[in-house]
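Coordinates from structure-v3.cif are shown below (mmCIF, C-alpha atoms).
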```
data_work
loop_
_atom_site.group_PDB
_atom_site.id
_atom_site.type_symbol
_atom_site.label_atom_id
_atom_site.label_comp_id
_atom_site.auth_asym_id
_atom_site.auth_seq_id
_atom_site.Cartn_x
_atom_site.Cartn_y
_atom_site.Cartn_z
ATOM 1 C CA MET A 125 19.413 25.722 30.961
ATOM 2 C CA GLU A 126 22.080 27.807 29.281
ATOM 3 C CA THR A 127 21.746 31.565 28.960
ATOM 4 C CA SER A 128 23.683 33.938 26.745
ATOM 5 C CA VAL A 129 23.572 37.718 27.062
ATOM 6 C CA GLU A 130 24.024 40.103 24.142
ATOM 7 C CA ARG A 131 24.273 43.816 24.885
ATOM 8 C CA VAL A 132 22.851 45.503 21.809
ATOM 9 C CA SER A 133 23.346 48.979 23.292
ATOM 10 C CA ASP A 134 23.621 50.595 26.701
ATOM 11 C CA SER A 135 19.862 50.319 27.152
ATOM 12 C CA VAL A 136 18.985 47.200 25.158
ATOM 13 C CA ALA A 137 19.949 43.583 25.812
ATOM 14 C CA VAL A 138 18.993 40.107 24.633
ATOM 15 C CA ILE A 139 19.051 37.008 26.808
ATOM 16 C CA GLY A 140 19.060 33.803 24.788
ATOM 17 C CA LEU A 141 17.632 30.775 26.604
ATOM 18 C CA ASP A 142 18.566 27.215 25.665
ATOM 19 C CA GLY A 143 17.199 24.093 27.295
ATOM 20 C CA GLU A 144 14.491 23.925 29.942
ATOM 21 C CA LEU A 145 13.244 26.661 32.282
ATOM 22 C CA ASP A 146 11.862 25.154 35.473
ATOM 23 C CA ALA A 147 11.770 25.430 39.251
ATOM 24 C CA SER A 148 15.488 24.632 39.479
ATOM 25 C CA ASN A 149 16.696 27.624 37.478
ATOM 26 C CA PHE A 150 14.032 30.341 37.215
ATOM 27 C CA HIS A 151 15.602 32.382 40.021
ATOM 28 C CA GLY A 152 18.765 32.599 37.913
ATOM 29 C CA LEU A 153 16.856 34.152 35.013
ATOM 30 C CA ILE A 154 15.314 36.754 37.318
ATOM 31 C CA ASP A 155 18.759 37.544 38.740
ATOM 32 C CA THR A 156 20.283 37.931 35.262
ATOM 33 C CA GLY A 157 17.499 40.233 34.086
ATOM 34 C CA GLN A 158 17.595 42.298 37.265
ATOM 35 C CA GLY A 159 21.354 42.608 36.955
ATOM 36 C CA LEU A 160 21.023 43.986 33.438
ATOM 37 C CA TYR A 161 18.401 46.474 34.616
ATOM 38 C CA GLY A 162 20.832 47.587 37.299
ATOM 39 C CA GLU A 163 23.411 48.202 34.568
ATOM 40 C CA GLY A 164 21.040 50.532 32.709
ATOM 41 C CA VAL A 165 19.216 48.182 30.361
ATOM 42 C CA ARG A 166 15.611 49.302 29.869
ATOM 43 C CA THR A 167 14.492 47.030 27.007
ATOM 44 C CA LEU A 168 15.046 43.317 27.460
ATOM 45 C CA VAL A 169 14.467 40.716 24.763
ATOM 46 C CA LEU A 170 14.140 37.086 25.833
ATOM 47 C CA ASP A 171 14.994 34.893 22.872
ATOM 48 C CA LEU A 172 13.171 31.586 23.418
ATOM 49 C CA THR A 173 14.281 30.024 20.116
ATOM 50 C CA GLY A 174 16.355 27.401 21.911
ATOM 51 C CA LEU A 175 14.033 26.922 24.866
ATOM 52 C CA GLU A 176 12.417 23.492 24.809
ATOM 53 C CA TYR A 177 10.265 23.634 27.952
ATOM 54 C CA MET A 178 8.807 26.167 30.370
ATOM 55 C CA ALA A 179 7.248 25.268 33.725
ATOM 56 C CA SER A 180 4.898 27.558 35.625
ATOM 57 C CA SER A 181 8.017 28.738 37.480
ATOM 58 C CA GLY A 182 9.098 30.297 34.197
ATOM 59 C CA ILE A 183 5.886 32.331 34.112
ATOM 60 C CA VAL A 184 6.762 33.685 37.539
ATOM 61 C CA ALA A 185 10.189 34.678 36.183
ATOM 62 C CA LEU A 186 8.668 36.437 33.169
ATOM 63 C CA HIS A 187 6.234 38.388 35.269
ATOM 64 C CA SER A 188 8.939 39.337 37.766
ATOM 65 C CA LEU A 189 11.044 40.713 34.923
ATOM 66 C CA ALA A 190 8.035 42.501 33.433
ATOM 67 C CA LEU A 191 7.605 44.288 36.764
ATOM 68 C CA VAL A 192 11.312 45.117 37.012
ATOM 69 C CA TYR A 193 11.393 46.579 33.513
ATOM 70 C CA ARG A 194 8.258 48.578 34.252
ATOM 71 C CA GLY A 195 10.180 50.081 37.157
ATOM 72 C CA ASP A 196 8.367 48.168 39.920
ATOM 73 C CA ALA A 197 9.807 45.837 42.533
ATOM 74 C CA PRO A 198 9.457 42.170 41.580
ATOM 75 C CA HIS A 199 7.045 40.098 43.632
ATOM 76 C CA ASP A 200 8.057 37.161 45.759
ATOM 77 C CA PRO A 201 9.151 34.547 43.190
ATOM 78 C CA ASP A 202 7.592 31.767 45.272
ATOM 79 C CA SER A 203 4.185 33.383 45.425
ATOM 80 C CA GLY A 204 2.357 31.131 42.953
ATOM 81 C CA TRP A 205 -1.199 32.358 42.540
ATOM 82 C CA GLU A 206 -0.208 35.857 43.579
ATOM 83 C CA ALA A 207 1.980 36.019 40.490
ATOM 84 C CA PHE A 208 -0.867 34.572 38.451
ATOM 85 C CA HIS A 209 -3.253 37.194 39.813
ATOM 86 C CA ALA A 210 -0.813 39.941 38.969
ATOM 87 C CA VAL A 211 -0.423 38.601 35.433
ATOM 88 C CA GLN A 212 -4.178 38.448 34.975
ATOM 89 C CA ALA A 213 -4.664 41.904 36.427
ATOM 90 C CA ASP A 214 -2.180 43.309 33.945
ATOM 91 C CA ALA A 215 -3.794 41.401 31.089
ATOM 92 C CA GLU A 216 -7.299 42.595 31.965
ATOM 93 C CA SER A 217 -6.187 46.191 32.260
ATOM 94 C CA GLY A 218 -4.508 46.049 28.848
ATOM 95 C CA ASN A 219 -1.257 46.889 30.554
ATOM 96 C CA ARG A 220 1.215 45.522 27.997
ATOM 97 C CA GLN A 221 4.879 45.418 28.883
ATOM 98 C CA GLU A 222 6.705 46.726 25.838
ATOM 99 C CA GLN A 223 9.995 46.832 27.736
ATOM 100 C CA LEU A 224 10.088 43.025 27.912
ATOM 101 C CA ARG A 225 9.771 41.170 24.617
ATOM 102 C CA LEU A 226 9.677 37.477 23.760
ATOM 103 C CA VAL A 227 11.030 35.771 20.662
ATOM 104 C CA ALA A 228 9.846 32.541 19.052
ATOM 105 C CA PRO A 229 8.286 30.342 21.749
ATOM 106 C CA ASN A 230 7.721 26.767 20.580
ATOM 107 C CA PRO A 231 4.121 25.409 20.488
ATOM 108 C CA ALA A 232 4.282 23.934 23.999
ATOM 109 C CA ILE A 233 5.608 27.142 25.521
ATOM 110 C CA ASP A 234 3.163 29.181 23.487
ATOM 111 C CA THR A 235 0.354 27.163 25.089
ATOM 112 C CA VAL A 236 1.675 27.854 28.593
ATOM 113 C CA LEU A 237 2.008 31.568 27.799
ATOM 114 C CA ASP A 238 -1.552 31.583 26.496
ATOM 115 C CA ARG A 239 -3.118 29.657 29.394
ATOM 116 C CA THR A 240 -1.482 31.896 31.991
ATOM 117 C CA GLY A 241 -2.363 35.174 30.310
ATOM 118 C CA MET A 242 1.218 36.139 29.452
ATOM 119 C CA LYS A 243 0.465 36.450 25.739
ATOM 120 C CA GLN A 244 -1.879 39.289 26.552
ATOM 121 C CA ILE A 245 0.764 41.388 28.270
ATOM 122 C CA LEU A 246 4.082 40.496 26.607
ATOM 123 C CA PRO A 247 4.686 41.162 22.899
ATOM 124 C CA ILE A 248 5.926 38.116 20.977
ATOM 125 C CA PHE A 249 8.067 38.392 17.849
ATOM 126 C CA PRO A 250 9.061 35.752 15.285
ATOM 127 C CA ASP A 251 12.769 36.518 15.482
ATOM 128 C CA ARG A 252 15.363 38.572 17.295
ATOM 129 C CA SER A 253 15.640 41.350 14.711
ATOM 130 C CA ALA A 254 11.874 41.943 14.719
ATOM 131 C CA ALA A 255 11.909 42.132 18.508
ATOM 132 C CA LEU A 256 14.741 44.665 18.475
ATOM 133 C CA ALA A 257 12.921 46.767 15.875
ATOM 134 C CA GLY A 258 9.910 46.716 18.228
ATOM 135 C CA MET B 94 18.867 7.297 44.248
ATOM 136 C CA ARG B 95 17.121 6.573 40.976
ATOM 137 C CA THR B 96 15.704 3.270 39.809
ATOM 138 C CA THR B 97 13.615 2.276 36.831
ATOM 139 C CA ALA B 98 11.727 -0.936 36.115
ATOM 140 C CA VAL B 99 9.269 -2.422 33.692
ATOM 141 C CA ILE B 100 6.491 -4.493 35.246
ATOM 142 C CA VAL B 101 4.159 -6.717 33.221
ATOM 143 C CA ASP B 102 1.068 -7.916 35.064
ATOM 144 C CA THR B 103 -0.843 -11.162 34.460
ATOM 145 C CA THR B 104 -3.037 -9.462 31.844
ATOM 146 C CA GLY B 105 -0.029 -8.318 29.874
ATOM 147 C CA VAL B 106 -0.304 -4.638 30.837
ATOM 148 C CA MET B 107 3.160 -3.094 30.957
ATOM 149 C CA THR B 108 3.966 -0.395 33.507
ATOM 150 C CA GLU B 109 7.175 1.628 33.422
ATOM 151 C CA THR B 110 8.245 2.787 36.857
ATOM 152 C CA LEU B 111 10.663 5.456 37.988
ATOM 153 C CA HIS B 112 11.764 6.037 41.576
ATOM 154 C CA VAL B 113 13.622 9.216 42.530
ATOM 155 C CA GLU B 114 14.465 11.125 45.663
ATOM 156 C CA SER B 115 12.838 14.505 45.318
ATOM 157 C CA SER B 116 14.952 17.518 44.462
ATOM 158 C CA LEU B 117 14.711 20.315 41.940
ATOM 159 C CA GLU B 118 17.725 18.812 40.206
ATOM 160 C CA VAL B 119 15.884 15.589 39.263
ATOM 161 C CA LEU B 120 13.011 17.410 37.523
ATOM 162 C CA ALA B 121 14.781 17.318 34.161
ATOM 163 C CA GLU B 122 15.312 13.591 34.531
ATOM 164 C CA VAL B 123 11.651 13.054 35.395
ATOM 165 C CA ARG B 124 10.565 15.026 32.326
ATOM 166 C CA ALA B 125 12.935 13.048 30.093
ATOM 167 C CA HIS B 126 11.545 9.796 31.462
ATOM 168 C CA ILE B 127 7.915 10.793 30.886
ATOM 169 C CA ARG B 128 8.759 12.038 27.383
ATOM 170 C CA LEU B 129 10.457 8.761 26.490
ATOM 171 C CA VAL B 130 7.845 6.435 27.956
ATOM 172 C CA ALA B 131 4.811 8.374 26.680
ATOM 173 C CA ARG B 132 6.220 8.241 23.152
ATOM 174 C CA ARG B 133 6.929 4.533 23.540
ATOM 175 C CA LEU B 134 3.301 4.028 24.616
ATOM 176 C CA GLY B 135 2.056 5.709 21.459
ATOM 177 C CA ALA B 136 1.228 9.198 22.670
ATOM 178 C CA ASP B 137 1.264 11.897 20.013
ATOM 179 C CA GLU B 138 3.410 14.994 20.553
ATOM 180 C CA PRO B 139 0.688 17.258 22.024
ATOM 181 C CA ALA B 140 -0.159 14.459 24.469
ATOM 182 C CA VAL B 141 3.513 13.970 25.327
ATOM 183 C CA ARG B 142 3.910 17.696 25.998
ATOM 184 C CA GLY B 143 0.814 17.829 28.169
ATOM 185 C CA LEU B 144 1.839 14.814 30.227
ATOM 186 C CA VAL B 145 5.390 16.120 30.675
ATOM 187 C CA GLN B 146 4.070 19.498 31.845
ATOM 188 C CA ALA B 147 1.532 17.943 34.218
ATOM 189 C CA VAL B 148 3.997 15.527 35.824
ATOM 190 C CA ASP B 149 6.659 18.224 36.145
ATOM 191 C CA GLU B 150 4.214 20.615 37.819
ATOM 192 C CA TRP B 151 3.059 17.973 40.309
ATOM 193 C CA VAL B 152 6.550 16.708 41.192
ATOM 194 C CA THR B 153 7.678 20.321 41.611
ATOM 195 C CA ASN B 154 4.741 20.860 43.952
ATOM 196 C CA VAL B 155 5.664 17.761 45.960
ATOM 197 C CA THR B 156 9.320 18.818 46.118
ATOM 198 C CA VAL B 157 8.796 22.464 47.058
ATOM 199 C CA HIS B 158 5.621 22.359 49.149
ATOM 200 C CA GLY B 159 5.341 18.690 50.196
ATOM 201 C CA TYR B 160 8.880 17.862 51.214
ATOM 202 C CA ARG B 161 9.870 21.552 51.530
ATOM 203 C CA GLY B 162 13.107 20.949 49.662
ATOM 204 C CA ALA B 163 14.209 17.925 51.698
ATOM 205 C CA PRO B 164 14.746 14.633 49.860
ATOM 206 C CA GLY B 165 11.810 12.245 49.886
ATOM 207 C CA PRO B 166 10.616 9.307 47.791
ATOM 208 C CA VAL B 167 8.662 9.896 44.577
ATOM 209 C CA ASP B 168 7.427 6.914 42.563
ATOM 210 C CA ILE B 169 6.091 7.409 39.063
ATOM 211 C CA ASP B 170 4.291 4.686 37.100
ATOM 212 C CA VAL B 171 3.311 5.148 33.476
ATOM 213 C CA LEU B 172 1.106 2.788 31.519
ATOM 214 C CA ARG B 173 -1.182 2.609 28.522
ATOM 215 C CA ASP B 174 -4.822 2.266 29.590
ATOM 216 C CA GLY B 175 -6.876 1.703 26.455
ATOM 217 C CA PRO B 176 -6.910 4.987 24.527
ATOM 218 C CA ASP B 177 -5.212 6.839 27.405
ATOM 219 C CA VAL B 178 -1.767 7.209 28.884
ATOM 220 C CA ARG B 179 -2.046 7.065 32.661
ATOM 221 C CA VAL B 180 0.543 8.319 35.140
ATOM 222 C CA ARG B 181 0.431 7.501 38.851
ATOM 223 C CA ILE B 182 2.651 9.505 41.203
ATOM 224 C CA ARG B 183 3.112 8.547 44.841
ATOM 225 C CA ASP B 184 4.999 10.348 47.585
ATOM 226 C CA ALA B 185 5.347 10.268 51.364
ATOM 227 C CA ALA B 186 4.869 13.995 51.919
ATOM 228 C CA PRO B 187 2.099 15.530 54.058
ATOM 229 C CA VAL B 188 -1.308 15.109 52.456
ATOM 230 C CA PHE B 189 -2.227 17.811 49.983
ATOM 231 C CA ASP B 190 -5.442 17.463 48.046
ATOM 232 C CA PRO B 191 -5.229 19.565 44.875
ATOM 233 C CA ALA B 192 -9.028 19.777 44.916
ATOM 234 C CA THR B 193 -8.525 22.365 47.656
ATOM 235 C CA SER B 194 -6.583 24.454 45.149
ATOM 236 C CA PRO B 195 -8.821 26.772 43.141
ATOM 237 C CA ALA B 196 -9.899 25.919 39.612
ATOM 238 C CA PHE B 197 -8.892 28.552 37.101
ATOM 239 C CA ASP B 198 -12.007 30.461 36.208
ATOM 240 C CA PRO B 199 -11.409 33.705 34.362
ATOM 241 C CA ALA B 200 -14.950 34.801 35.278
ATOM 242 C CA VAL B 201 -14.040 34.967 38.966
ATOM 243 C CA PRO B 202 -12.657 38.372 39.951
ATOM 244 C CA LEU B 203 -8.985 38.164 40.831
ATOM 245 C CA GLU B 204 -9.415 39.394 44.361
ATOM 246 C CA ARG B 205 -11.886 36.583 45.104
ATOM 247 C CA ARG B 206 -9.709 33.724 43.886
ATOM 248 C CA PRO B 207 -8.189 31.913 46.869
ATOM 249 C CA PHE B 208 -4.487 31.217 47.128
ATOM 250 C CA GLY B 209 -3.241 28.103 45.378
ATOM 251 C CA GLY B 210 -0.763 26.842 42.795
ATOM 252 C CA MET B 211 -0.444 27.988 39.212
ATOM 253 C CA GLY B 212 0.990 24.575 38.365
ATOM 254 C CA ILE B 213 -2.202 22.878 39.538
ATOM 255 C CA ALA B 214 -4.226 24.989 37.121
ATOM 256 C CA LEU B 215 -1.934 23.909 34.284
ATOM 257 C CA ILE B 216 -2.306 20.222 35.205
ATOM 258 C CA ARG B 217 -6.087 20.522 35.126
ATOM 259 C CA ASP B 218 -5.874 22.339 31.827
ATOM 260 C CA MET B 219 -3.633 19.808 30.092
ATOM 261 C CA CYS B 220 -5.044 16.473 31.265
ATOM 262 C CA THR B 221 -8.471 14.843 31.204
ATOM 263 C CA THR B 222 -8.322 13.376 34.708
ATOM 264 C CA PHE B 223 -6.390 14.500 37.765
ATOM 265 C CA ASP B 224 -7.388 12.427 40.782
ATOM 266 C CA HIS B 225 -5.872 12.512 44.252
ATOM 267 C CA ARG B 226 -6.139 10.281 47.282
ATOM 268 C CA ALA B 227 -4.369 10.225 50.619
ATOM 269 C CA LEU B 228 -2.445 6.974 51.012
ATOM 270 C CA PRO B 229 -3.400 4.868 54.082
ATOM 271 C CA ALA B 230 0.199 4.811 55.302
ATOM 272 C CA GLY B 231 0.644 8.533 54.663
ATOM 273 C CA GLY B 232 1.532 10.488 51.580
ATOM 274 C CA ASN B 233 -0.274 11.243 48.359
ATOM 275 C CA GLU B 234 -1.232 9.467 45.179
ATOM 276 C CA VAL B 235 -2.305 11.318 42.085
ATOM 277 C CA ILE B 236 -3.399 9.793 38.811
ATOM 278 C CA ILE B 237 -3.071 11.909 35.701
ATOM 279 C CA THR B 238 -4.613 10.745 32.436
ATOM 280 C CA ARG B 239 -4.608 12.057 28.916
ATOM 281 C CA PRO B 240 -5.656 10.442 25.628
ATOM 282 C CA ALA B 241 -2.686 9.198 23.624
ATOM 283 C CA ALA B 242 -4.207 10.711 20.491
ATOM 284 C CA THR B 243 -5.062 14.397 20.635
ATOM 285 C CA ALA B 244 -8.338 15.323 18.989
#
```
What does this structure look like when you write it as structure tokens?
Amino acid sequence: METSVERVSDSVAVIGLDGELDASNFHGLIDTGQGLYGEGVRTLVLDLTGLEYMASSGIVALHSLALVYRGDAPHDPDSGWEAFHAVQADAESGNRQEQLRLVAPNPAIDTVLDRTGMKQILPIFPDRSAALAG
Amino acid sequence: MRTTAVIVDTTGVMTETLHVESSLEVLAEVRAHIRLVARRLGADEPAVRGLVQAVDEWVTNVTVHGYRGAPGPVDIDVLRDGPDVRVRIRDAAPVFDPATSPAFDPAVPLERRPFGGMGIALIRDMCTTFDHRALPAGGNEVIITRPAATA
């Protein structure tokens, strides 16, 4: 998977993802997002336009970043169900994560986001400009 | 090491096989193989996507939890079985029966769901059968099935 980072402002950034997000590279996405948060970014857009596949590991990465951008410590990225529980708990409490935004998941990824409850907590936009406008 | 083969039995059924040594780095190759073979066997795109996701989740499970990151053999057979595409995955890792992993039931309160794998829930969600048996000589066999044509 290739990633590209665009700093829109001091507090806003976009990470573009191209290729496949799986167990071999999801830690790298968490690291990149955490690094941006450490540099002062508080709104992160993940542009999935070029992402062809997302494994359940990718869901763990998304939820870790949602926690980071909410100001919480990320959970253990190898925690499996614990991450799933945390996602569901956020979804059931209506706790949407406006600081982390997704752009244009393909149908397969949209299904994974739906089945794991991520669509209930992360806003999804059709394109990058809509996501930046919020 | 990676090998592929096409086996045709006496009834004319063709099975495409892939052998890999487990590692996170071969997951992309496994997905590409399933994508290619499932399309060749007539699966429509939703079926291809479901099979790719299911196989990827299981092989990841075997790699991370079964072999704990060490290399180990994984054999994947794909064939057309009437209206279905059937995938058989064998490994030599310690026995893990996914039936012991909890089914995803949104009606069960979160705190009462036992620990398990999110990938297993996705496999169950995306395929019509997901059967496991412990191999007599050790290791696991799972059979994942999904109709080639999505309703």
Practice item. Rounded to one decimal place, report the atom CA of A:Asp238-atom CA of B:Arg239 distance in Å. Key: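 Spanning atom CA of A:Asp238 to atom CA of B:Arg239 is a straight-line distance of 19.9 Å.
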Practice item. Can you pull out every residue within 8 Å of A:Leu168, counting only C-alpha atoms, but drop anything in the same chain fewer than 5 positions away, and send it as a list of chain:residue names? Key: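 Selected residues are A:Val136, A:Ala137, A:Val138, A:Ile139, A:Gly157, A:Tyr193, A:Gln223, A:Leu224, A:Arg225.
Among B:Val167, B:Ile216, B:Ala227, B:Leu117, the residue with the shortest atom-to-atom distance to A:Phe150, counting all atoms listed in the file, is B:Leu117.
A straight line drawn from atom CA of B:Ile127 to atom CA of B:Val113 is 13.1 Å long.
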Review point. Could you spell out the hits of the PyMOL selection byres ((chain A and resi 153) around 9) on the shown file, as a PyMOL selection string?
Key: chain A and resi 127+139+145+149-152+154-158+182+185-186+189
Practice item. Translate the PyMOL selection byres ((chain B and resi 128) around 10), as applied to the file shown, into an explicit residue set as a list in words. Key: Glu122, Val123, Arg124, Ala125, His126, Ile127, Leu129, Val130, Ala131, Arg132, Arg133, Ala136, Glu138, Ala140, Val141, Arg142, Gly143, Leu144, Val145 and Gln146 of chain B
Practice item. Name the residues that the PyMOL selection byres ((chain A and resi 178) around 7) picks from the file above, as a PyMOL selection string, using the file's chain letters and numbers. Key: chain A and resi 144-146+177+179-180+182+233
Please produce a file of the residues just selected, as a PDB file, in the frame of the given file, where the atoms kept are C-alpha atoms.
```pdb
ATOM      1  CA  GLU A 144      14.491  23.925  29.942  1.00  0.00           C
ATOM      2  CA  LEU A 145      13.244  26.661  32.282  1.00  0.00           C
ATOM      3  CA  ASP A 146      11.862  25.154  35.473  1.00  0.00           C
ATOM      4  CA  TYR A 177      10.265  23.634  27.952  1.00  0.00           C
ATOM      5  CA  ALA A 179       7.248  25.268  33.725  1.00  0.00           C
ATOM      6  CA  SER A 180       4.898  27.558  35.625  1.00  0.00           C
ATOM      7  CA  GLY A 182       9.098  30.297  34.197  1.00  0.00           C
ATOM      8  CA  ILE A 233       5.608  27.142  25.521  1.00  0.00           C
TER       9      ILE A 233
END
```
Point to revise | Which residue of B:Ser194, B:Val119, B:Leu134, B:Asp177 approaches B:Gly165 most closely, using only C-alpha atoms | key: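 Of the candidates, the smallest distance to B:Gly165 is held by B:Val119.
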Practice item. Can you work out the spacing between atom CA of B:Ile213 and atom CA of B:Gly231 in Å, to one decimal? Key: 21.0 Å
